[in-house]
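Below you'll find the structure, written out as structure tokens, and then a few comments.
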Amino acid sequence: MTGNAFYGNKKVAIVNAGNNQTAKDIVEALKAENFKNVISLEAPSSYAAYYGISEEKPMYTLFVEEAAQCKVKLTKVQGLLGDRVGHEVTRDYEESRKAQSFYKHHLKMIGIDPSFLGAVEIPLEEVKDIPWFYQDKSPMLHLFVPKAEG
């Protein structure tokens, strides 16, 4: 993926953490800009919910949570798979890092100075039977953002 992560008709999954209005606003804004493959999902709290995300096979996954300080973090999935001795799996972060860089300009334009340090981990134990979480290379980010216009 090059350029804008939302460009074209790629499936974009907005995962709403805590049923917040900001995630709903992002979905509405994308649809208003003619992004036809935008789906809204609830934050996973069970195996079935994680499986539901993987079944959608989004080309871009963004977990959105309202917070006091703005952070754009990578999503980490790694660990020993347990199917054989020493078989460790790790989600590839290259596309996620590229997608992460697009946020700096846009957030600064609305007066928010984001932090890009760290990662949010999805425990491998939760998703080890769902290979999409550690084999797929599409961008998967966690956006912690204060409620702000724009």
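Chain labels run A, B, ... following the order of the structure tokens; each chain numbers its residues from 1, and ligands are numbered from 1 in the order shown.
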Per-residue nearest contacts of range 17-131 of chain A to range 139-147 of chain A (9 Å; only C-alpha atoms) as JSON lines:
{"residue": "A:Gln21", "atom": "CA", "partner": "A:Lys147", "partner_atom": "CA", "distance": 8.3}
{"residue": "A:Thr22", "atom": "CA", "partner": "A:Lys147", "partner_atom": "CA", "distance": 6.4}
{"residue": "A:Met59", "atom": "CA", "partner": "A:Pro139", "partner_atom": "CA", "distance": 7.1}
{"residue": "A:Tyr60", "atom": "CA", "partner": "A:Pro139", "partner_atom": "CA", "distance": 5.1}
{"residue": "A:Thr61", "atom": "CA", "partner": "A:Met140", "partner_atom": "CA", "distance": 4.6}
{"residue": "A:Leu62", "atom": "CA", "partner": "A:Leu141", "partner_atom": "CA", "distance": 5.0}
{"residue": "A:Phe63", "atom": "CA", "partner": "A:His142", "partner_atom": "CA", "distance": 4.6}
{"residue": "A:Val64", "atom": "CA", "partner": "A:Leu143", "partner_atom": "CA", "distance": 4.9}
{"residue": "A:Glu65", "atom": "CA", "partner": "A:Phe144", "partner_atom": "CA", "distance": 4.9}
{"residue": "A:Glu66", "atom": "CA", "partner": "A:Val145", "partner_atom": "CA", "distance": 5.0}
{"residue": "A:Ala67", "atom": "CA", "partner": "A:Pro146", "partner_atom": "CA", "distance": 5.0}
{"residue": "A:Ala68", "atom": "CA", "partner": "A:Pro146", "partner_atom": "CA", "distance": 5.1}
{"residue": "A:Gln69", "atom": "CA", "partner": "A:Pro146", "partner_atom": "CA", "distance": 6.2}
{"residue": "A:Cys70", "atom": "CA", "partner": "A:Val145", "partner_atom": "CA", "distance": 4.4}
{"residue": "A:Lys71", "atom": "CA", "partner": "A:Phe144", "partner_atom": "CA", "distance": 5.0}
{"residue": "A:Val72", "atom": "CA", "partner": "A:Leu143", "partner_atom": "CA", "distance": 4.7}
{"residue": "A:Lys73", "atom": "CA", "partner": "A:His142", "partner_atom": "CA", "distance": 5.1}
{"residue": "A:Leu74", "atom": "CA", "partner": "A:Leu141", "partner_atom": "CA", "distance": 4.9}
{"residue": "A:Thr75", "atom": "CA", "partner": "A:Leu141", "partner_atom": "CA", "distance": 5.5}
{"residue": "A:Lys76", "atom": "CA", "partner": "A:Met140", "partner_atom": "CA", "distance": 8.9}
{"residue": "A:Tyr93", "atom": "CA", "partner": "A:Pro139", "partner_atom": "CA", "distance": 7.5}
{"residue": "A:Glu94", "atom": "CA", "partner": "A:Pro139", "partner_atom": "CA", "distance": 8.1}
{"residue": "A:Glu95", "atom": "CA", "partner": "A:Pro139", "partner_atom": "CA", "distance": 5.2}
{"residue": "A:Ser96", "atom": "CA", "partner": "A:Pro139", "partner_atom": "CA", "distance": 4.0}
{"residue": "A:Arg97", "atom": "CA", "partner": "A:Pro139", "partner_atom": "CA", "distance": 7.7}
{"residue": "A:Lys98", "atom": "CA", "partner": "A:Pro139", "partner_atom": "CA", "distance": 8.1}
{"residue": "A:Ala99", "atom": "CA", "partner": "A:Pro139", "partner_atom": "CA", "distance": 6.4}
{"residue": "A:Gln100", "atom": "CA", "partner": "A:Leu141", "partner_atom": "CA", "distance": 7.3}
{"residue": "A:Ile112", "atom": "CA", "partner": "A:Pro146", "partner_atom": "CA", "distance": 8.5}
{"residue": "A:Pro114", "atom": "CA", "partner": "A:Val145", "partner_atom": "CA", "distance": 8.4}
{"residue": "A:Ala119", "atom": "CA", "partner": "A:His142", "partner_atom": "CA", "distance": 8.1}
{"residue": "A:Val120", "atom": "CA", "partner": "A:His142", "partner_atom": "CA", "distance": 7.0}
What parts of chain A does DSSP call helix (DSSP H, G or I)? I'd like the answer as a PyMOL selection string. chain A and resi 21-32+47-56+94-109+124-127+132-135
Hey, what's within 10 Å of Gly52 in chain A if we count only C-alpha atoms and toss same-chain stuff fewer than 6 positions away? As a compact mmCIF listing (two decimals) with all heavy atoms, in the first residue's frame, please?
# COMPACT_ATOMS: atom_id res chain seq x y z
N LEU A 41 -17.16 -1.78 13.51
CA LEU A 41 -17.23 -2.97 14.36
C LEU A 41 -17.05 -2.56 15.81
O LEU A 41 -16.40 -1.56 16.12
CB LEU A 41 -16.12 -3.96 13.97
CG LEU A 41 -16.12 -4.44 12.52
CD1 LEU A 41 -14.81 -5.15 12.20
CD2 LEU A 41 -17.29 -5.36 12.28
N GLU A 42 -17.60 -3.35 16.71
CA GLU A 42 -17.39 -3.14 18.14
C GLU A 42 -16.02 -3.68 18.53
O GLU A 42 -15.52 -4.63 17.92
CB GLU A 42 -18.47 -3.87 18.94
CG GLU A 42 -19.86 -3.32 18.73
CD GLU A 42 -20.01 -1.89 19.21
OE1 GLU A 42 -19.50 -1.57 20.30
OE2 GLU A 42 -20.63 -1.09 18.48
N PRO A 44 -13.34 -5.86 20.13
CA PRO A 44 -13.44 -7.28 20.49
C PRO A 44 -13.27 -7.51 21.99
O PRO A 44 -12.40 -6.94 22.62
CB PRO A 44 -12.32 -7.93 19.70
CG PRO A 44 -11.39 -6.85 19.34
CD PRO A 44 -12.16 -5.58 19.33
N SER A 46 -14.11 -10.93 22.89
CA SER A 46 -14.18 -12.38 22.92
C SER A 46 -13.57 -12.94 21.63
O SER A 46 -13.33 -12.20 20.68
CB SER A 46 -15.64 -12.84 23.01
OG SER A 46 -16.33 -12.49 21.81
Near-Leu30 in chain A list (12 Å; only C-alpha atoms; drop same-chain fewer than 5 positions) as a short mmCIF file (atom, residue, chain, number, x, y, z; two decimals) with N, CA and C atoms, in the first residue's frame:
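Wrote it out as out-v8.cif, contents follow:
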data_model
loop_
_atom_site.label_atom_id
_atom_site.label_comp_id
_atom_site.auth_asym_id
_atom_site.auth_seq_id
_atom_site.Cartn_x
_atom_site.Cartn_y
_atom_site.Cartn_z
N PHE A 6 -6.51 5.18 2.88
CA PHE A 6 -7.93 5.06 2.59
C PHE A 6 -8.23 5.18 1.09
N TYR A 7 -7.22 5.43 0.27
CA TYR A 7 -7.45 5.69 -1.15
C TYR A 7 -8.08 4.50 -1.85
N GLY A 8 -8.98 4.79 -2.74
CA GLY A 8 -9.60 3.74 -3.53
C GLY A 8 -10.79 3.11 -2.83
N ASN A 9 -11.08 1.90 -3.21
CA ASN A 9 -12.25 1.22 -2.68
C ASN A 9 -11.85 0.07 -1.75
N LYS A 10 -10.79 0.26 -1.00
CA LYS A 10 -10.33 -0.77 -0.08
C LYS A 10 -11.25 -0.85 1.13
N LYS A 11 -11.40 -2.05 1.67
CA LYS A 11 -12.24 -2.22 2.85
C LYS A 11 -11.49 -1.69 4.08
N VAL A 12 -12.14 -0.77 4.77
CA VAL A 12 -11.59 -0.14 5.97
C VAL A 12 -12.47 -0.52 7.14
N ALA A 13 -11.86 -1.07 8.19
CA ALA A 13 -12.60 -1.43 9.40
C ALA A 13 -12.27 -0.43 10.50
N ILE A 14 -13.29 0.23 11.01
CA ILE A 14 -13.14 1.12 12.15
C ILE A 14 -13.70 0.35 13.35
N ALA A 23 -15.32 7.48 16.95
CA ALA A 23 -15.26 6.39 15.96
C ALA A 23 -16.45 6.47 15.02
N LYS A 24 -17.62 6.76 15.56
CA LYS A 24 -18.83 6.89 14.74
C LYS A 24 -18.68 8.05 13.76
N ASP A 25 -18.09 9.15 14.23
CA ASP A 25 -17.88 10.32 13.37
C ASP A 25 -16.89 10.01 12.25
N PHE A 35 -16.16 6.75 0.54
CA PHE A 35 -15.47 5.51 0.82
C PHE A 35 -16.56 4.47 1.06
N LYS A 36 -16.75 3.62 0.09
CA LYS A 36 -17.90 2.72 0.09
C LYS A 36 -17.69 1.44 0.91
N ASN A 37 -16.47 1.09 1.19
CA ASN A 37 -16.18 -0.15 1.91
C ASN A 37 -15.76 0.09 3.35
N VAL A 38 -16.38 1.04 4.02
CA VAL A 38 -16.08 1.32 5.42
C VAL A 38 -17.06 0.54 6.28
N ILE A 39 -16.51 -0.23 7.21
CA ILE A 39 -17.37 -0.97 8.13
C ILE A 39 -17.05 -0.56 9.57
N SER A 40 -18.06 -0.58 10.39
CA SER A 40 -17.90 -0.24 11.80
C SER A 40 -18.10 -1.51 12.62
#
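Each of A:Gly18, A:Val89, A:Trp132, A:Ala148 was compared to Glu56 in chain A using only C-alpha atoms, and A:Trp132 turns out to be the nearest.
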For the strand (DSSP E or B) assignment from backbone DSSP, which residues of range 56-135 of chain A qualify? Please present them as a VMD selection string. chain A and resid 60 to 66 71 to 76 78 to 80 88 to 90 115 119 to 121
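Going from CA of Tyr47 in chain A over to CA of Ile26 in chain A, you cover 25.5 Å.
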Please list as a PyMOL selection string every residue within 12 Å of Asp129 in chain A, counting only C-alpha atoms and excluding residues in the same chain fewer than 6 positions away. chain A and resi 47-48+50-51+54+81-83+123+135
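Atom pair CA of Pro58 in chain A / CA of Val127 in chain A has a distance of 16.3 Å (rounded to one decimal).
You will find CA of Asn20 in chain A at 10.5 Å from CA of Ala43 in chain A.
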